[in-house]
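Source file model-v3.csv; content: CSV, C-alpha atoms and all ligand atoms.
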```
chain,number,residue,atom,x,y,z
U,1,ILE,CA,27.0,124.0,98.7
U,2,ALA,CA,28.1,126.4,101.5
U,3,HIS,CA,24.9,128.4,101.0
U,4,LEU,CA,22.7,125.3,101.0
U,5,SER,CA,24.5,124.0,104.1
U,6,ASP,CA,23.8,127.2,106.0
U,7,PHE,CA,20.3,127.4,104.8
U,8,PHE,CA,19.4,123.9,105.8
U,9,ASN,CA,21.2,124.1,109.2
U,10,GLU,CA,19.1,127.0,110.0
U,11,HIS,CA,15.8,125.5,108.8
U,12,THR,CA,15.8,121.8,109.1
U,13,LEU,CA,13.8,119.7,111.5
U,14,GLY,CA,15.7,120.6,114.6
U,15,ARG,CA,19.0,119.0,114.0
U,16,PRO,CA,22.1,119.9,112.0
U,17,ILE,CA,22.4,118.6,108.5
U,18,GLU,CA,25.5,117.1,107.0
U,19,LEU,CA,25.8,118.0,103.4
U,20,ILE,CA,27.9,115.6,101.2
U,21,ALA,CA,28.6,116.6,97.7
U,22,MET,CA,29.4,113.8,95.2
U,23,ALA,CA,29.4,113.5,91.5
U,24,GLY,CA,26.7,111.2,90.0
U,25,ARG,CA,28.7,108.0,89.5
U,26,GLU,CA,30.4,108.2,92.9
U,27,ILE,CA,27.1,107.7,94.6
U,28,ASP,CA,26.8,104.0,95.3
U,29,ALA,CA,25.0,101.8,97.8
U,30,ALA,CA,28.1,101.6,100.1
U,31,VAL,CA,28.3,105.4,100.4
U,32,ILE,CA,24.5,105.7,101.0
U,33,ALA,CA,24.7,103.0,103.6
U,34,GLU,CA,27.6,104.6,105.4
U,35,HIS,CA,26.2,108.2,105.5
U,36,GLN,CA,22.5,107.4,105.8
U,37,PRO,CA,21.4,110.7,104.2
U,38,ASP,CA,17.8,112.0,104.8
U,39,ILE,CA,17.8,113.7,101.5
U,40,LEU,CA,19.3,112.7,98.1
U,41,LEU,CA,19.6,115.1,95.2
U,42,VAL,CA,20.7,113.7,91.9
U,43,ARG,CA,20.9,114.2,88.2
U,44,SER,CA,20.3,111.6,85.5
U,45,VAL,CA,23.5,109.6,85.8
U,46,THR,CA,22.7,108.2,89.3
U,47,PRO,CA,20.3,105.2,89.2
U,48,VAL,CA,18.0,105.6,92.3
U,49,ASN,CA,16.6,102.2,93.0
U,50,LYS,CA,16.4,99.3,95.5
U,51,LEU,CA,20.0,98.5,94.9
U,52,LEU,CA,21.1,102.0,96.0
U,53,LEU,CA,18.7,102.4,98.9
U,54,ASP,CA,18.2,99.0,100.3
U,55,ASN,CA,20.7,99.5,103.2
U,56,ASN,CA,19.4,103.0,103.9
U,57,LYS,CA,16.6,103.5,106.3
U,58,SER,CA,16.6,107.3,106.5
U,59,VAL,CA,16.1,108.7,103.0
U,60,LYS,CA,12.8,110.6,103.0
U,61,PHE,CA,13.1,112.9,100.0
U,62,VAL,CA,14.7,112.3,96.6
U,63,GLY,CA,15.0,115.2,94.1
U,64,SER,CA,16.2,114.8,90.6
U,65,ALA,CA,17.1,118.1,88.8
U,66,THR,CA,16.1,116.5,85.5
U,67,ILE,CA,13.1,116.2,83.2
U,68,GLY,CA,13.6,112.5,82.5
U,69,ILE,CA,13.0,110.0,85.4
U,70,ASP,CA,13.9,106.7,83.9
U,71,HIS,CA,16.9,106.5,86.2
U,72,VAL,CA,14.5,106.5,89.2
U,73,ASP,CA,12.5,103.5,90.4
U,74,VAL,CA,9.4,105.6,91.2
U,75,GLU,CA,7.4,102.6,92.3
U,76,TYR,CA,10.0,101.5,94.8
U,77,LEU,CA,10.2,105.0,96.2
U,78,ALA,CA,6.4,105.1,96.6
U,79,LYS,CA,6.5,101.7,98.3
U,80,ARG,CA,9.1,103.1,100.8
U,81,GLY,CA,7.0,106.3,101.3
U,82,ILE,CA,9.9,108.4,100.0
U,83,ILE,CA,8.8,111.8,98.5
U,84,PHE,CA,10.1,112.2,94.9
U,85,ALA,CA,10.3,115.5,92.9
U,86,HIS,CA,11.8,116.2,89.5
U,87,ALA,CA,12.0,119.2,87.3
U,88,ALA,CA,9.3,118.8,84.6
U,89,GLY,CA,9.8,121.1,81.6
U,90,CYS,CA,12.9,122.8,83.0
U,91,SER,CA,14.9,122.7,79.7
U,92,LYS,CA,12.1,122.4,77.2
U,93,HIS,CA,13.2,125.4,75.2
U,94,SER,CA,16.9,124.2,75.1
U,95,VAL,CA,16.0,120.8,73.7
U,96,ALA,CA,13.5,122.3,71.2
U,97,GLN,CA,16.1,124.8,70.1
U,98,TYR,CA,18.7,122.0,69.7
U,99,VAL,CA,16.3,120.2,67.3
U,100,VAL,CA,15.7,123.4,65.2
U,101,ALA,CA,19.4,124.1,65.1
U,102,ALA,CA,20.2,120.6,64.0
U,103,ILE,CA,17.7,120.8,61.2
U,104,ALA,CA,19.0,124.3,60.1
U,105,ASN,CA,22.5,122.9,60.2
U,106,LEU,CA,21.8,119.9,58.0
U,107,ARG,CA,19.1,121.3,55.7
U,108,PRO,CA,19.2,125.2,55.7
U,109,ASP,CA,16.8,125.0,52.7
U,110,TYR,CA,14.1,123.5,55.1
U,111,LEU,CA,13.7,126.8,56.9
U,112,PHE,CA,10.5,128.6,56.0
U,113,LYS,CA,9.5,125.7,53.6
U,114,PRO,CA,6.4,123.7,54.5
U,115,ILE,CA,8.2,120.5,55.4
U,116,ASN,CA,6.5,117.9,57.6
U,117,LEU,CA,8.0,117.7,61.0
U,118,GLY,CA,7.0,114.5,62.8
U,119,ILE,CA,7.0,114.8,66.6
U,120,ILE,CA,6.8,111.5,68.6
U,121,GLY,CA,5.7,112.5,72.2
U,122,VAL,CA,4.0,115.8,72.4
U,123,GLY,CA,4.6,116.8,76.0
U,124,ASN,CA,6.5,119.8,77.3
U,125,ILE,CA,9.4,119.5,74.8
U,126,GLY,CA,7.3,118.2,71.9
U,127,ASN,CA,4.8,121.0,72.3
U,128,THR,CA,7.5,123.7,72.6
U,129,LEU,CA,9.1,122.3,69.4
U,130,ALA,CA,5.7,122.4,67.7
U,131,GLN,CA,5.4,126.1,68.4
U,132,TYR,CA,8.8,126.8,66.9
U,133,ALA,CA,8.0,124.7,63.9
U,134,ILE,CA,4.7,126.5,63.3
U,135,SER,CA,6.6,129.8,63.3
U,136,TYR,CA,9.0,128.4,60.7
U,137,GLY,CA,6.0,127.5,58.4
U,138,TRP,CA,6.5,123.7,59.0
U,139,ASN,CA,3.6,121.3,59.1
U,140,VAL,CA,3.6,119.4,62.4
U,141,LEU,CA,2.6,115.7,62.5
U,142,GLY,CA,2.4,114.9,66.2
U,143,TYR,CA,1.8,111.5,67.7
U,144,ASP,CA,1.0,111.0,71.4
U,145,PRO,CA,-1.5,108.3,72.3
U,146,LEU,CA,-1.5,109.4,75.9
U,147,LYS,CA,-2.7,112.9,75.2
U,148,PRO,CA,-6.1,114.0,74.0
U,149,PRO,CA,-5.8,115.0,70.3
U,150,SER,CA,-5.0,118.7,69.6
U,151,VAL,CA,-3.8,120.8,66.7
U,152,VAL,CA,-0.2,119.5,67.0
U,153,ASN,CA,-1.1,116.1,68.1
U,154,ASN,CA,-3.6,114.4,65.8
U,155,ALA,CA,-1.5,112.1,63.5
U,156,LYS,CA,-1.3,108.4,63.5
U,157,LEU,CA,2.1,106.8,64.1
U,158,GLU,CA,2.1,105.3,60.6
U,159,THR,CA,1.5,108.7,59.0
U,160,VAL,CA,4.3,110.4,61.1
U,161,LEU,CA,6.8,107.7,60.1
U,162,GLN,CA,5.8,107.6,56.4
U,163,GLU,CA,5.2,111.3,55.6
U,164,SER,CA,7.7,113.2,57.7
U,165,ASN,CA,10.8,114.9,56.4
U,166,VAL,CA,12.2,115.1,59.9
U,167,ILE,CA,11.2,112.8,62.8
U,168,SER,CA,12.0,114.0,66.3
U,169,PHE,CA,11.6,111.8,69.5
U,170,HIS,CA,10.4,113.4,72.7
U,171,VAL,CA,9.1,110.5,74.8
U,172,PRO,CA,10.1,109.3,78.2
U,173,LEU,CA,11.9,105.9,78.2
U,174,THR,CA,9.3,103.4,79.3
U,175,HIS,CA,8.9,99.6,79.3
U,176,ALA,CA,5.9,97.2,79.2
U,177,HIS,CA,5.8,97.1,83.1
U,178,ASN,CA,5.3,100.8,83.5
U,179,SER,CA,3.4,102.0,80.4
U,180,SER,CA,0.6,100.9,78.2
U,181,TYR,CA,2.5,102.5,75.3
U,182,PRO,CA,6.2,101.6,76.1
U,183,THR,CA,8.8,103.5,74.2
U,184,HIS,CA,11.8,101.2,74.4
U,185,HIS,CA,12.8,100.2,70.9
U,186,ASP,CA,11.4,96.7,71.4
U,187,TYR,CA,8.0,98.2,71.3
U,188,LEU,CA,7.8,101.6,69.6
U,189,MET,CA,10.5,101.9,66.9
U,190,THR,CA,10.7,98.3,66.0
U,191,GLN,CA,12.7,97.1,63.0
U,192,ALA,CA,9.3,96.8,61.1
U,193,ARG,CA,8.5,100.4,61.8
U,194,TRP,CA,12.0,101.6,60.7
U,195,GLN,CA,11.1,100.0,57.3
U,196,THR,CA,8.2,102.4,56.9
U,197,VAL,CA,10.3,105.5,57.4
U,198,SER,CA,11.2,107.4,54.2
U,199,ASP,CA,14.9,106.9,53.3
U,200,THR,CA,15.4,110.7,53.1
U,201,ALA,CA,13.9,111.6,56.5
U,202,ILE,CA,16.2,113.0,59.2
U,203,ILE,CA,15.9,111.2,62.5
U,204,ILE,CA,16.6,113.1,65.7
U,205,ASN,CA,16.7,111.5,69.1
U,206,THR,CA,17.2,113.8,72.1
U,207,SER,CA,14.9,111.7,74.4
U,208,ARG,CA,16.7,108.6,75.7
U,209,GLY,CA,19.1,106.3,73.8
U,210,ALA,CA,17.1,103.1,74.2
U,211,VAL,CA,14.2,104.6,72.4
U,212,LEU,CA,16.0,103.8,69.1
U,213,GLY,CA,17.9,100.5,68.5
U,214,ARG,CA,21.6,100.9,67.9
U,215,ASP,CA,21.5,98.2,65.1
U,216,ASP,CA,18.5,99.9,63.4
U,217,ILE,CA,20.4,103.2,63.3
U,218,VAL,CA,23.5,101.6,61.9
U,219,ALA,CA,21.5,99.8,59.3
U,220,SER,CA,19.3,102.7,58.3
U,221,PRO,CA,20.0,104.9,55.2
U,222,ASN,CA,18.7,107.9,57.2
U,223,VAL,CA,20.6,111.0,58.3
U,224,CYS,CA,20.6,110.6,62.1
U,225,VAL,CA,21.2,113.1,64.9
U,226,LEU,CA,21.8,111.6,68.3
U,227,ASP,CA,22.2,113.4,71.7
U,228,VAL,CA,21.5,110.3,73.7
U,229,PHE,CA,22.8,106.7,73.6
U,230,GLU,CA,21.6,103.5,75.1
U,231,HIS,CA,24.9,102.8,76.9
U,232,GLU,CA,26.2,106.4,77.3
U,233,PRO,CA,28.8,107.5,77.9
U,234,ASN,CA,30.0,104.4,75.9
U,235,ILE,CA,29.4,104.9,72.2
U,236,ASP,CA,30.8,102.5,69.6
U,237,ALA,CA,32.7,103.7,66.5
U,238,GLU,CA,30.2,102.2,64.1
U,239,LEU,CA,27.3,104.0,65.7
U,240,LEU,CA,29.3,107.3,65.7
U,241,LYS,CA,30.0,106.8,62.0
U,242,ALA,CA,26.4,106.2,61.2
U,243,CYS,CA,25.3,109.6,62.5
U,244,SER,CA,25.6,113.0,61.0
U,245,ILE,CA,25.5,114.9,64.3
U,246,VAL,CA,26.4,113.4,67.7
U,247,THR,CA,26.4,115.3,71.0
U,248,PRO,CA,27.1,114.0,74.5
U,249,HIS,CA,23.6,114.4,76.1
U,250,ILE,CA,23.7,118.2,76.1
U,251,ALA,CA,20.5,119.2,74.3
U,252,GLY,CA,19.0,120.4,77.6
U,253,TYR,CA,22.4,121.7,78.9
U,254,THR,CA,21.9,125.5,79.0
U,255,LEU,CA,22.4,127.8,82.0
U,256,GLU,CA,18.7,128.6,82.0
U,257,GLY,CA,17.7,125.0,81.8
U,258,LYS,CA,20.1,123.8,84.6
U,259,LEU,CA,19.1,126.8,86.8
U,260,ARG,CA,15.4,126.1,86.4
U,261,GLY,CA,16.0,122.4,87.2
U,262,THR,CA,18.0,123.1,90.3
U,263,GLN,CA,15.5,125.8,91.4
U,264,PHE,CA,12.6,123.4,90.9
U,265,VAL,CA,14.1,120.7,93.2
U,266,TYR,CA,15.2,123.4,95.7
U,267,ASN,CA,11.6,124.7,95.9
U,268,ALA,CA,10.2,121.2,96.2
U,269,LEU,CA,12.6,120.4,99.0
U,270,CYS,CA,11.7,123.7,100.9
U,271,LYS,CA,8.1,122.7,100.6
U,272,TYR,CA,8.8,119.3,102.0
U,273,LEU,CA,10.8,120.8,104.9
U,274,GLN,CA,8.1,123.4,105.3
U,275,VAL,CA,10.6,126.3,105.3
D,1,LIG,P1,6.9,115.1,79.0
D,1,LIG,O1,6.5,114.1,80.0
D,1,LIG,O2,6.3,116.5,79.2
D,1,LIG,O3,6.3,114.6,77.6
D,1,LIG,C1,6.5,113.3,77.1
D,1,LIG,C2,5.3,113.0,76.2
D,1,LIG,O4,5.6,111.7,75.6
D,1,LIG,C3,4.0,112.9,77.0
D,1,LIG,O5,3.1,113.8,76.4
D,1,LIG,C4,3.6,111.4,76.8
D,1,LIG,O6,2.2,111.3,76.7
D,1,LIG,C5,4.3,111.0,75.6
D,1,LIG,N1,4.4,109.6,75.4
D,1,LIG,C6,4.6,108.6,76.3
D,1,LIG,N2,4.7,107.4,75.7
D,1,LIG,C7,4.5,107.7,74.4
D,1,LIG,C8,4.5,106.8,73.2
D,1,LIG,N3,4.6,105.5,73.3
D,1,LIG,N4,4.3,107.4,72.0
D,1,LIG,C9,4.2,108.7,71.9
D,1,LIG,N5,4.2,109.6,72.9
D,1,LIG,C10,4.4,109.0,74.1
D,1,LIG,O7,8.4,115.1,78.8
D,1,LIG,P2,9.3,116.2,78.1
D,1,LIG,O8,9.7,117.3,79.0
D,1,LIG,O9,8.7,116.6,76.8
D,1,LIG,O10,10.7,115.4,77.9
D,1,LIG,C11,10.7,114.2,77.1
D,1,LIG,C12,11.9,113.4,77.3
D,1,LIG,O11,13.1,114.1,76.8
D,1,LIG,C13,12.2,113.2,78.8
D,1,LIG,O12,11.5,112.0,79.3
D,1,LIG,C14,13.7,112.9,78.8
D,1,LIG,O13,14.0,111.6,78.7
D,1,LIG,C15,14.2,113.6,77.5
D,1,LIG,N6,15.1,114.8,77.8
D,1,LIG,C16,16.3,114.9,77.3
D,1,LIG,C17,17.2,116.0,77.5
D,1,LIG,C18,18.5,116.0,76.9
D,1,LIG,O14,19.4,116.8,77.3
D,1,LIG,N7,18.8,115.3,75.8
D,1,LIG,C19,16.7,117.0,78.3
D,1,LIG,C20,15.4,117.0,78.8
D,1,LIG,C21,14.6,115.9,78.6
```
What's the structure tokens form of this structure?
Amino acid sequence: IAHLSDFFNEHTLGRPIELIAMAGREIDAAVIAEHQPDILLVRSVTPVNKLLLDNNKSVKFVGSATIGIDHVDVEYLAKRGIIFAHAAGCSKHSVAQYVVAAIANLRPDYLFKPINLGIIGVGNIGNTLAQYAISYGWNVLGYDPLKPPSVVNNAKLETVLQESNVISFHVPLTHAHNSSYPTHHDYLMTQARWQTVSDTAIIINTSRGAVLGRDDIVASPNVCVLDVFEHEPNIDAELLKACSIVTPHIAGYTLEGKLRGTQFVYNALCKYLQV
């Protein structure tokens, strides 16, 4: 913080900058209205939306040191002319390694056997996971309707759900208003689609909690691995009991991933400030 403070005082647009450090959940609309910051840097626990920024006229730049951006109302920021930057891909290896480690932990016999690994969402993380999978001799069944078909991304959703030994989710959380292929469980993993999944498949969700319905997980016979939860940090006991591995949203939490995320936002901010 001290380093950043010196740096920005030297380089900002001709006036000193006040740097206020707060933890995610302490940042609320009243604090933002009182301090009127020009720049807001957050991680995934601070919802950045109209409610937070309505009484702030000065924010010009929002940076989120995260891959996921479902906590940010990007359309509202664009309407206000606020520049937004996030850290695409920063922890892709960490998340992919978490998935491989979970599989190795649950089914060591899967290593180097030609199992089918279903990947829903073949972006930065999905692609990285596919490369690890290929090196383990696994078959990759990738589904991503928003990407042109490729070697790791040419399966139909039905095939992925029916034929995979492991299904891993790597989609952003989206809804009908912001995607033609929404990923919230009302649209993608509906109850009907859960019925088509093999009972023996391992389900892994490191994307966002609401991609899978809590009741569907509890009712399913599958071995489930969850790093993310719809109402995190609140997790009910029944859901916990239904899972084989649960972790508190830490799949991307490595030193390398966090450093890359912070560095990305720092660089974007420097570019914005032209320093
Ligand atoms: P990305 O944007 O590079 O890739 C997401 C992919 O999902 C894209 O290729 C997109 O086309 C695809 N997609 C979108 N809608 C889809 C749909 N309906 N069906 C199938 N595919 C769809 O993002 P990424 O870097 O791979 O990260 C994916 C998500 O992982 C992030 O949005 C974030 O929510 C989550 N994440 C979690 C952690 C963690 O610690 N658990 C860390 C980093 C990221």
Selection as a ChimeraX atom specification: residues within 7 Å of ligand LIG 1 (chain D) by all atoms listed in the file: /U:66-69,88-89,91-92,95,120-126,143-147,170-173,181-183,188,206-208,227-228,249-253
Using C-alpha atoms, can you write the selected residues to a file as a PDB file, keeping the file's coordinate frame?
```pdb
ATOM      1  CA  THR U  66      16.100 116.500  85.500  1.00  0.00           C
ATOM      2  CA  ILE U  67      13.100 116.200  83.200  1.00  0.00           C
ATOM      3  CA  GLY U  68      13.600 112.500  82.500  1.00  0.00           C
ATOM      4  CA  ILE U  69      13.000 110.000  85.400  1.00  0.00           C
ATOM      5  CA  ALA U  88       9.300 118.800  84.600  1.00  0.00           C
ATOM      6  CA  GLY U  89       9.800 121.100  81.600  1.00  0.00           C
ATOM      7  CA  SER U  91      14.900 122.700  79.700  1.00  0.00           C
ATOM      8  CA  LYS U  92      12.100 122.400  77.200  1.00  0.00           C
ATOM      9  CA  VAL U  95      16.000 120.800  73.700  1.00  0.00           C
ATOM     10  CA  ILE U 120       6.800 111.500  68.600  1.00  0.00           C
ATOM     11  CA  GLY U 121       5.700 112.500  72.200  1.00  0.00           C
ATOM     12  CA  VAL U 122       4.000 115.800  72.400  1.00  0.00           C
ATOM     13  CA  GLY U 123       4.600 116.800  76.000  1.00  0.00           C
ATOM     14  CA  ASN U 124       6.500 119.800  77.300  1.00  0.00           C
ATOM     15  CA  ILE U 125       9.400 119.500  74.800  1.00  0.00           C
ATOM     16  CA  GLY U 126       7.300 118.200  71.900  1.00  0.00           C
ATOM     17  CA  TYR U 143       1.800 111.500  67.700  1.00  0.00           C
ATOM     18  CA  ASP U 144       1.000 111.000  71.400  1.00  0.00           C
ATOM     19  CA  PRO U 145      -1.500 108.300  72.300  1.00  0.00           C
ATOM     20  CA  LEU U 146      -1.500 109.400  75.900  1.00  0.00           C
ATOM     21  CA  LYS U 147      -2.700 112.900  75.200  1.00  0.00           C
ATOM     22  CA  HIS U 170      10.400 113.400  72.700  1.00  0.00           C
ATOM     23  CA  VAL U 171       9.100 110.500  74.800  1.00  0.00           C
ATOM     24  CA  PRO U 172      10.100 109.300  78.200  1.00  0.00           C
ATOM     25  CA  LEU U 173      11.900 105.900  78.200  1.00  0.00           C
ATOM     26  CA  TYR U 181       2.500 102.500  75.300  1.00  0.00           C
ATOM     27  CA  PRO U 182       6.200 101.600  76.100  1.00  0.00           C
ATOM     28  CA  THR U 183       8.800 103.500  74.200  1.00  0.00           C
ATOM     29  CA  LEU U 188       7.800 101.600  69.600  1.00  0.00           C
ATOM     30  CA  THR U 206      17.200 113.800  72.100  1.00  0.00           C
ATOM     31  CA  SER U 207      14.900 111.700  74.400  1.00  0.00           C
ATOM     32  CA  ARG U 208      16.700 108.600  75.700  1.00  0.00           C
ATOM     33  CA  ASP U 227      22.200 113.400  71.700  1.00  0.00           C
ATOM     34  CA  VAL U 228      21.500 110.300  73.700  1.00  0.00           C
ATOM     35  CA  HIS U 249      23.600 114.400  76.100  1.00  0.00           C
ATOM     36  CA  ILE U 250      23.700 118.200  76.100  1.00  0.00           C
ATOM     37  CA  ALA U 251      20.500 119.200  74.300  1.00  0.00           C
ATOM     38  CA  GLY U 252      19.000 120.400  77.600  1.00  0.00           C
ATOM     39  CA  TYR U 253      22.400 121.700  78.900  1.00  0.00           C
TER      40      TYR U 253
END
```
For CA of Val223 (chain U) and CA of Leu111 (chain U), the interatomic separation in Å (one decimal):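 One can read the CA of Val223 (chain U) to CA of Leu111 (chain U) distance as 17.3 Å.
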Top pick for closest residue to Glu256 (chain U), considering U:His93, U:Lys156, U:His231, U:His185 and counting all atoms listed in the file: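 Checking each of U:His93, U:Lys156, U:His231, U:His185 against Glu256 (chain U), counting all atoms listed in the file, the winner is U:His93.
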Point-to-point distance in Å for CA of Ser180 (chain U) and CA of Glu158 (chain U):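 Separation of CA of Glu158 (chain U) and CA of Ser180 (chain U): 18.2 Å.
Taking CA of Ile245 (chain U) and CA of Tyr98 (chain U) as the two end points, the separation is 11.2 Å.
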Test item: which residues lie within 10 Å of (19.7, 109.8, 68.3) counting all atoms listed in the file, as a list in words: Ser168, Phe169, Ile203, Ile204, Asn205, Thr206, Ser207, Arg208, Gly209, Ala210, Val211, Leu212, Gly213, Arg214, Ile217, Cys224, Val225, Leu226, Asp227, Val228, Phe229, Glu230, Leu239, Cys243, Ser244, Ile245, Val246, Thr247 and His249 of chain U
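In this comparison, which uses only C-alpha atoms, the residue of U:Lys50, U:Lys258, U:His177, U:Arg107 approaching Ala201 (chain U) most closely is U:Arg107.
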Within 9 Å of Asn139 (chain U), counting all atoms listed in the file, which residues show up once you throw out same-chain ones fewer than 5 positions away? Write them as a PDB file with C-alpha atoms, in the frame of the given file, please.
```
ATOM      1  CA  PRO U 114       6.400 123.700  54.500  1.00  0.00           C
ATOM      2  CA  ILE U 115       8.200 120.500  55.400  1.00  0.00           C
ATOM      3  CA  ASN U 116       6.500 117.900  57.600  1.00  0.00           C
ATOM      4  CA  LEU U 117       8.000 117.700  61.000  1.00  0.00           C
ATOM      5  CA  GLY U 118       7.000 114.500  62.800  1.00  0.00           C
ATOM      6  CA  ALA U 130       5.700 122.400  67.700  1.00  0.00           C
ATOM      7  CA  ALA U 133       8.000 124.700  63.900  1.00  0.00           C
ATOM      8  CA  ILE U 134       4.700 126.500  63.300  1.00  0.00           C
ATOM      9  CA  VAL U 152      -0.200 119.500  67.000  1.00  0.00           C
TER      10      VAL U 152
END
```
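Distances here use all atoms listed in the file; by that measure, the residue among U:Val48, U:Val166, U:Ala29, U:Val59 closest to Tyr110 (chain U) is U:Val166.
Comparing the minimum interatomic distances between Ser44 (chain U) and each of U:Ile202, U:Asp109, U:Ala242, U:Ala87, counting only C-alpha atoms, we find that U:Ala87 sits nearest.
Candidate residues U:Lys241, U:Ser58, U:Asp38, U:Ala96 were compared for distance to Gly257 (chain U), and the nearest is U:Ala96, using only C-alpha atoms.
Minimum atom-to-atom distance to His86 (chain U), evaluated using all atoms listed in the file, belongs to U:Val74 out of U:Leu129, U:Leu157, U:Val74, U:Ala101.
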